[in-house]
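Participant: What follows is the file upload26.cif, containing mmCIF, N, CA and C atoms and all ligand atoms:
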data_run
loop_
_atom_site.label_atom_id
_atom_site.label_comp_id
_atom_site.auth_asym_id
_atom_site.auth_seq_id
_atom_site.Cartn_x
_atom_site.Cartn_y
_atom_site.Cartn_z
N MET A 1 110.34 97.77 97.96
CA MET A 1 110.16 99.05 98.62
C MET A 1 109.45 98.87 99.96
N ARG A 2 109.78 99.74 100.90
CA ARG A 2 109.15 99.70 102.21
C ARG A 2 108.25 100.92 102.35
N PHE A 3 107.05 100.71 102.83
CA PHE A 3 106.13 101.82 103.01
C PHE A 3 105.54 101.78 104.42
N LEU A 4 105.51 102.94 105.07
CA LEU A 4 104.84 103.02 106.36
C LEU A 4 103.33 103.06 106.21
N ARG A 5 102.85 103.62 105.08
CA ARG A 5 101.43 103.84 104.87
C ARG A 5 100.83 104.64 106.05
N MET A 6 101.46 105.78 106.33
CA MET A 6 101.00 106.68 107.38
C MET A 6 101.00 108.10 106.84
N GLU A 7 100.21 108.98 107.47
CA GLU A 7 100.23 110.38 107.07
C GLU A 7 101.22 111.17 107.93
N GLY A 8 101.68 112.28 107.39
CA GLY A 8 102.69 113.10 108.03
C GLY A 8 103.89 113.23 107.10
N PRO A 9 105.05 113.59 107.60
CA PRO A 9 105.36 113.81 109.01
C PRO A 9 104.86 115.15 109.55
N TYR A 10 104.61 115.14 110.86
CA TYR A 10 104.20 116.33 111.59
C TYR A 10 105.15 116.54 112.76
N LYS A 11 105.13 117.76 113.28
CA LYS A 11 105.94 118.06 114.46
C LYS A 11 105.38 117.35 115.67
N LEU A 12 106.25 116.76 116.47
CA LEU A 12 105.82 116.04 117.67
C LEU A 12 105.66 117.03 118.83
N ASP A 13 104.50 117.69 118.86
CA ASP A 13 104.16 118.52 120.02
C ASP A 13 102.65 118.41 120.27
N SER A 14 102.21 118.84 121.44
CA SER A 14 100.83 118.61 121.85
C SER A 14 99.83 119.27 120.91
N ASP A 15 100.10 120.53 120.51
CA ASP A 15 99.16 121.23 119.64
C ASP A 15 99.00 120.50 118.32
N THR A 16 100.10 120.08 117.74
CA THR A 16 100.04 119.41 116.44
C THR A 16 99.32 118.07 116.57
N ILE A 17 99.60 117.32 117.61
CA ILE A 17 98.92 116.04 117.81
C ILE A 17 97.42 116.25 117.92
N ASN A 18 97.02 117.23 118.73
CA ASN A 18 95.59 117.46 118.92
C ASN A 18 94.90 117.93 117.65
N THR A 19 95.63 118.64 116.79
CA THR A 19 95.06 119.13 115.54
C THR A 19 94.97 118.01 114.50
N LYS A 20 96.01 117.22 114.39
CA LYS A 20 96.09 116.24 113.30
C LYS A 20 95.45 114.90 113.64
N VAL A 21 95.44 114.54 114.91
CA VAL A 21 94.93 113.23 115.32
C VAL A 21 93.60 113.47 116.04
N SER A 22 92.52 113.43 115.29
CA SER A 22 91.23 113.86 115.84
C SER A 22 90.38 112.71 116.35
N LEU A 23 90.64 111.50 115.95
CA LEU A 23 89.80 110.37 116.35
C LEU A 23 90.43 109.63 117.53
N THR A 24 89.57 109.09 118.39
CA THR A 24 90.02 108.15 119.41
C THR A 24 89.90 106.76 118.81
N SER A 25 91.03 106.15 118.49
CA SER A 25 91.03 104.95 117.66
C SER A 25 92.32 104.19 117.88
N PRO A 26 92.27 102.85 117.69
CA PRO A 26 93.54 102.14 117.55
C PRO A 26 94.33 102.72 116.39
N GLY A 27 95.62 102.56 116.44
CA GLY A 27 96.41 103.08 115.34
C GLY A 27 97.89 102.79 115.48
N ASN A 28 98.63 103.30 114.51
CA ASN A 28 100.08 103.08 114.45
C ASN A 28 100.78 104.41 114.30
N TYR A 29 102.03 104.45 114.76
CA TYR A 29 102.80 105.66 114.60
C TYR A 29 104.27 105.32 114.37
N ALA A 30 104.95 106.29 113.81
CA ALA A 30 106.41 106.22 113.69
C ALA A 30 106.95 107.55 114.18
N LEU A 31 108.00 107.50 114.98
CA LEU A 31 108.75 108.69 115.35
C LEU A 31 110.02 108.72 114.53
N GLY A 32 110.48 109.92 114.18
CA GLY A 32 111.69 110.01 113.38
C GLY A 32 111.99 111.45 113.07
N LYS A 33 112.75 111.62 112.00
CA LYS A 33 113.12 112.97 111.58
C LYS A 33 113.21 113.01 110.07
N GLU A 34 113.09 114.23 109.56
CA GLU A 34 113.23 114.41 108.13
C GLU A 34 114.69 114.67 107.79
N SER A 35 115.19 113.99 106.78
CA SER A 35 116.55 114.24 106.32
C SER A 35 116.59 115.55 105.55
N GLU A 36 117.79 116.00 105.22
CA GLU A 36 117.91 117.24 104.46
C GLU A 36 117.27 117.11 103.08
N GLU A 37 117.15 115.90 102.58
CA GLU A 37 116.50 115.69 101.28
C GLU A 37 114.99 115.53 101.43
N GLY A 38 114.47 115.70 102.64
CA GLY A 38 113.04 115.59 102.84
C GLY A 38 112.53 114.17 103.00
N LYS A 39 113.44 113.22 103.22
CA LYS A 39 113.05 111.83 103.42
C LYS A 39 112.81 111.60 104.91
N PHE A 40 111.77 110.86 105.25
CA PHE A 40 111.47 110.58 106.66
C PHE A 40 112.30 109.39 107.12
N LEU A 41 113.13 109.62 108.14
CA LEU A 41 113.99 108.57 108.68
C LEU A 41 113.31 108.01 109.92
N VAL A 42 112.96 106.71 109.90
CA VAL A 42 112.21 106.09 110.98
C VAL A 42 113.14 105.77 112.14
N GLY A 43 112.81 106.30 113.33
CA GLY A 43 113.60 106.01 114.52
C GLY A 43 112.96 104.97 115.41
N LEU A 44 111.63 104.92 115.39
CA LEU A 44 110.89 104.03 116.29
C LEU A 44 109.49 103.86 115.72
N VAL A 45 108.94 102.66 115.81
CA VAL A 45 107.53 102.46 115.45
C VAL A 45 106.79 101.92 116.65
N GLY A 46 105.50 102.20 116.69
CA GLY A 46 104.68 101.73 117.80
C GLY A 46 103.22 101.70 117.41
N ARG A 47 102.39 101.30 118.38
CA ARG A 47 100.96 101.24 118.11
C ARG A 47 100.20 101.56 119.38
N SER A 48 98.92 101.83 119.22
CA SER A 48 98.02 101.87 120.36
C SER A 48 96.86 100.94 120.08
N ASP A 49 96.45 100.17 121.08
CA ASP A 49 95.31 99.27 120.91
C ASP A 49 93.98 100.00 121.04
N SER A 50 94.00 101.24 121.56
CA SER A 50 92.73 101.92 121.80
C SER A 50 92.75 103.42 121.48
N ASP A 51 93.88 104.09 121.65
CA ASP A 51 93.88 105.56 121.52
C ASP A 51 95.24 106.04 121.01
N ILE A 52 95.35 106.16 119.70
CA ILE A 52 96.61 106.54 119.07
C ILE A 52 97.04 107.94 119.51
N ARG A 53 96.08 108.83 119.72
CA ARG A 53 96.45 110.20 120.13
C ARG A 53 97.11 110.19 121.51
N ASP A 54 96.55 109.42 122.43
CA ASP A 54 97.11 109.33 123.77
C ASP A 54 98.53 108.75 123.73
N SER A 55 98.74 107.74 122.91
CA SER A 55 100.08 107.15 122.81
C SER A 55 101.09 108.16 122.28
N LEU A 56 100.69 108.92 121.26
CA LEU A 56 101.61 109.93 120.73
C LEU A 56 101.90 111.01 121.76
N ALA A 57 100.86 111.46 122.47
CA ALA A 57 101.03 112.52 123.46
C ALA A 57 102.02 112.10 124.55
N SER A 58 102.05 110.81 124.85
CA SER A 58 102.94 110.34 125.91
C SER A 58 104.41 110.46 125.54
N TRP A 59 104.71 110.66 124.24
CA TRP A 59 106.10 110.80 123.81
C TRP A 59 106.60 112.24 123.86
N VAL A 60 105.70 113.20 123.95
CA VAL A 60 106.12 114.61 123.88
C VAL A 60 107.08 114.91 125.03
N GLY A 61 108.26 115.42 124.70
CA GLY A 61 109.26 115.75 125.69
C GLY A 61 110.08 114.57 126.18
N LYS A 62 109.80 113.36 125.64
CA LYS A 62 110.49 112.17 126.14
C LYS A 62 111.30 111.45 125.07
N THR A 63 111.46 112.06 123.90
CA THR A 63 112.20 111.41 122.83
C THR A 63 113.01 112.45 122.08
N LYS A 64 114.09 111.99 121.47
CA LYS A 64 114.91 112.90 120.67
C LYS A 64 114.32 113.12 119.27
N TRP A 65 113.33 112.31 118.88
CA TRP A 65 112.82 112.40 117.51
C TRP A 65 111.84 113.56 117.39
N PRO A 66 112.02 114.45 116.43
CA PRO A 66 111.20 115.66 116.36
C PRO A 66 109.89 115.52 115.57
N HIS A 67 109.71 114.44 114.83
CA HIS A 67 108.54 114.33 113.96
C HIS A 67 107.85 112.98 114.15
N PHE A 68 106.57 112.95 113.75
CA PHE A 68 105.84 111.69 113.78
C PHE A 68 105.01 111.54 112.52
N LYS A 69 104.70 110.29 112.21
CA LYS A 69 103.69 109.93 111.22
C LYS A 69 102.72 108.99 111.91
N PHE A 70 101.50 108.90 111.41
CA PHE A 70 100.54 108.02 112.07
C PHE A 70 99.48 107.54 111.09
N SER A 71 98.78 106.50 111.49
CA SER A 71 97.61 106.04 110.75
C SER A 71 96.64 105.43 111.75
N TYR A 72 95.37 105.51 111.42
CA TYR A 72 94.36 104.82 112.21
C TYR A 72 94.29 103.36 111.77
N ALA A 73 93.84 102.51 112.70
CA ALA A 73 93.66 101.09 112.38
C ALA A 73 92.22 100.70 112.67
N ALA A 74 91.72 99.74 111.91
CA ALA A 74 90.32 99.32 112.05
C ALA A 74 90.10 98.56 113.35
N SER A 75 91.15 97.98 113.91
CA SER A 75 91.02 97.19 115.13
C SER A 75 92.38 97.12 115.80
N ALA A 76 92.38 96.68 117.06
CA ALA A 76 93.66 96.49 117.75
C ALA A 76 94.50 95.43 117.04
N LYS A 77 93.85 94.40 116.51
CA LYS A 77 94.60 93.34 115.82
C LYS A 77 95.25 93.89 114.55
N ALA A 78 94.52 94.73 113.82
CA ALA A 78 95.10 95.32 112.62
C ALA A 78 96.29 96.21 112.99
N ALA A 79 96.19 96.93 114.11
CA ALA A 79 97.31 97.77 114.55
C ALA A 79 98.52 96.92 114.91
N PHE A 80 98.28 95.80 115.59
CA PHE A 80 99.37 94.89 115.94
C PHE A 80 100.07 94.36 114.68
N GLU A 81 99.29 93.91 113.72
CA GLU A 81 99.90 93.33 112.51
C GLU A 81 100.66 94.38 111.71
N LYS A 82 100.13 95.60 111.68
CA LYS A 82 100.85 96.65 110.97
C LYS A 82 102.14 97.02 111.70
N GLU A 83 102.08 97.05 113.03
CA GLU A 83 103.30 97.34 113.79
C GLU A 83 104.37 96.29 113.48
N CYS A 84 103.97 95.03 113.41
CA CYS A 84 104.93 93.98 113.05
C CYS A 84 105.52 94.23 111.68
N ASP A 85 104.68 94.55 110.71
CA ASP A 85 105.19 94.85 109.36
C ASP A 85 106.17 96.02 109.40
N ASN A 86 105.80 97.09 110.10
CA ASN A 86 106.69 98.26 110.18
C ASN A 86 108.01 97.88 110.84
N TYR A 87 107.93 97.09 111.89
CA TYR A 87 109.13 96.67 112.62
C TYR A 87 110.06 95.86 111.71
N HIS A 88 109.51 94.90 110.99
CA HIS A 88 110.35 94.07 110.13
C HIS A 88 110.84 94.84 108.90
N ASP A 89 110.04 95.77 108.38
CA ASP A 89 110.45 96.52 107.20
C ASP A 89 111.56 97.52 107.51
N PHE A 90 111.48 98.18 108.65
CA PHE A 90 112.37 99.32 108.91
C PHE A 90 113.45 99.03 109.94
N ASP A 91 113.30 97.98 110.73
CA ASP A 91 114.29 97.68 111.77
C ASP A 91 114.71 98.96 112.50
N PRO A 92 113.76 99.68 113.09
CA PRO A 92 114.07 101.02 113.64
C PRO A 92 115.10 100.93 114.77
N PRO A 93 116.01 101.92 114.83
CA PRO A 93 117.09 101.86 115.82
C PRO A 93 116.61 101.89 117.27
N ASP A 94 115.44 102.46 117.54
CA ASP A 94 114.96 102.54 118.93
C ASP A 94 113.97 101.44 119.30
N ASN A 95 113.70 100.52 118.40
CA ASN A 95 112.89 99.34 118.75
C ASN A 95 113.85 98.20 119.08
N PHE A 96 114.03 97.97 120.38
CA PHE A 96 115.05 96.99 120.78
C PHE A 96 114.50 95.57 120.80
N THR A 97 113.21 95.42 120.87
CA THR A 97 112.60 94.09 120.89
C THR A 97 111.42 94.05 119.92
N HIS A 98 111.03 92.84 119.57
CA HIS A 98 109.88 92.64 118.70
C HIS A 98 108.61 93.19 119.35
N PRO A 99 107.67 93.72 118.56
CA PRO A 99 106.40 94.16 119.14
C PRO A 99 105.73 93.06 119.97
N GLU A 100 105.12 93.45 121.07
CA GLU A 100 104.40 92.52 121.94
C GLU A 100 102.94 92.43 121.48
N ARG A 101 102.36 91.25 121.67
CA ARG A 101 100.91 91.15 121.46
C ARG A 101 100.23 91.32 122.83
N PRO A 102 98.95 91.74 122.82
CA PRO A 102 98.25 91.83 124.10
C PRO A 102 98.23 90.47 124.79
N GLN A 103 98.32 90.46 126.13
CA GLN A 103 98.52 89.21 126.85
C GLN A 103 97.39 88.20 126.67
N ASP A 104 96.18 88.69 126.46
CA ASP A 104 95.04 87.77 126.38
C ASP A 104 94.74 87.34 124.95
N THR A 105 95.70 87.46 124.05
CA THR A 105 95.46 87.06 122.67
C THR A 105 96.46 85.98 122.26
N ASN A 106 96.12 85.30 121.17
CA ASN A 106 97.06 84.35 120.56
C ASN A 106 97.46 84.83 119.16
N TRP A 107 97.45 86.14 118.94
CA TRP A 107 97.77 86.69 117.64
C TRP A 107 99.20 86.31 117.24
N GLN A 108 99.38 86.12 115.94
CA GLN A 108 100.70 85.77 115.42
C GLN A 108 101.27 86.92 114.62
N CYS A 109 102.58 87.06 114.67
CA CYS A 109 103.24 88.01 113.78
C CYS A 109 103.06 87.54 112.34
N PRO A 110 102.63 88.42 111.43
CA PRO A 110 102.48 88.00 110.04
C PRO A 110 103.81 87.76 109.33
N ARG A 111 104.94 88.08 109.97
CA ARG A 111 106.22 88.05 109.28
C ARG A 111 107.23 87.07 109.86
N CYS A 112 107.03 86.59 111.10
CA CYS A 112 108.01 85.70 111.69
C CYS A 112 107.31 84.76 112.69
N LYS A 113 108.08 83.86 113.25
CA LYS A 113 107.52 82.82 114.13
C LYS A 113 107.82 83.09 115.60
N ILE A 114 108.03 84.34 115.98
CA ILE A 114 108.49 84.63 117.33
C ILE A 114 107.51 84.13 118.40
N PHE A 115 106.24 84.09 118.08
CA PHE A 115 105.26 83.66 119.08
C PHE A 115 104.96 82.17 118.99
N GLY A 116 105.73 81.46 118.19
CA GLY A 116 105.59 80.02 118.10
C GLY A 116 104.30 79.58 117.53
ZN ZN A 201 107.74 89.25 113.66
#
Output the structure of this file as structure tokens.
Ligand SMILES: [Zn+2]

Facilitator:
Amino acid sequence: MRFLRMEGPYKLDSDTINTKVSLTSPGNYALGKESEEGKFLVGLVGRSDSDIRDSLASWVGKTKWPHFKFSYAASAKAAFEKECDNYHDFDPPDNFTHPERPQDTNWQCPRCKIFG
């Protein structure tokens, strides 16, 4: 089984983001839509190294996906590793490349050898 381990889904608009995402924190998100059966279909996954709310707000009006899910992360590294897991688990249609690590780190993907 694949799990996002995120809360939601919520509507992707500014009011909802400001209400539901109250902390300034690293974190992870998924954009997508709910199927008619109420299942969340993942369209794209991403992360923020410092402010998950700001990252979500930047998508408002710029994506076809109407809903989001999110989770806070304890650190930027934890957010990176979770993004990798989400990417490999869901192979989202709008993630065209593997998640990037911050340039000044030597972090490794927990799931593949892309960073050598
Ligand atoms: Zn990987």

Participant: Please find the residues contacting ligand ZN 201 (chain A) at a distance of at most 7 Å between atoms, with only C-alpha atoms and all ligand atoms counted, and report them as a list of chain:residue names.

Facilitator: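 Checked against 7 Å with only C-alpha atoms and all ligand atoms; the hits are A:Cys84, A:His88, A:His98, A:Cys109, A:Pro110, A:Arg111, A:Cys112, A:Lys113, A:Ile114.
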
Participant: For segment 2-10 of chain A, find every residue with an atom within 8 Å (counting all atoms listed in the file), except residues of its own chain fewer than 3 positions away, and show them as a list in words.

Facilitator: Asp13, Thr16, Ile17, Asn28, Tyr29, Ala30, Lys33, Glu34, Phe40, Pro66, His67, Phe68, Lys69, Phe70, Ser71, Tyr72, Asp85, Asn86, Asp89 and Phe90 of chain A

Participant: Which distance in Å separates atom CA of Asp94 of chain A and atom C of Gly38 of chain A, to one decimal?

Facilitator: 19.9 Å

Participant: Could you state the separation of atom C of Asp51 of chain A and atom CA of Pro93 of chain A in Å, given to one decimal place?

Facilitator: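 Atom CA of Pro93 of chain A lies 22.8 Å from atom C of Asp51 of chain A.
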
Participant: In the coordinates of the file, take the point (101.7, 113.1, 123.3) and a cut-off of 8 Å; then, counting all atoms listed in the file, name each qualifying protein, DNA or RNA residue as a VMD selection string.

Facilitator: chain A and resid 12 to 14 17 to 18 52 to 61

Participant: DSSP on the backbone, alpha helix (DSSP H) only: what residues of segment 14-105 of chain A does that give? Format it as a PyMOL selection string.

Facilitator: chain A and resi 14-20+52-57+76-90

Participant: Take atom CA of Lys62 of chain A and atom CA of Leu44 of chain A and report the distance between them in Å, one decimal.

Facilitator: 12.8 Å

Participant: Quick one: of A:Gly32, A:Lys20, A:Thr63, A:Asp49, who's nearest to Lys77 of chain A, counting all atoms listed in the file?

Facilitator: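 The answer is A:Asp49, which sits nearest to Lys77 of chain A.
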
Participant: Give me the box for segment 41-56 of chain A as JSON, namely the centre and edge lengths in Å to one decimal of a box along x, y and z that holds every listed atom plus 5 Å on each side.

Facilitator:
{"center_x": 103.4, "center_y": 105.1, "center_z": 116.0, "size_x": 31.3, "size_y": 21.7, "size_z": 25.6}

Participant: Pull the strand (DSSP E) assignments for chain A out of DSSP run on the backbone, and list those residues as a list of chain:residue names.

Facilitator: A:Glu7, A:Gly8, A:Pro9, A:Tyr10, A:Lys11, A:Gly27, A:Asn28, A:Tyr29, A:Ala30, A:Leu31, A:Gly32, A:Lys33, A:Glu34, A:Phe40, A:Leu41, A:Val42, A:Gly43, A:Leu44, A:Val45, A:Gly46, A:Arg47, A:Ser48, A:His67, A:Phe68, A:Lys69, A:Phe70, A:Ser71, A:Tyr72
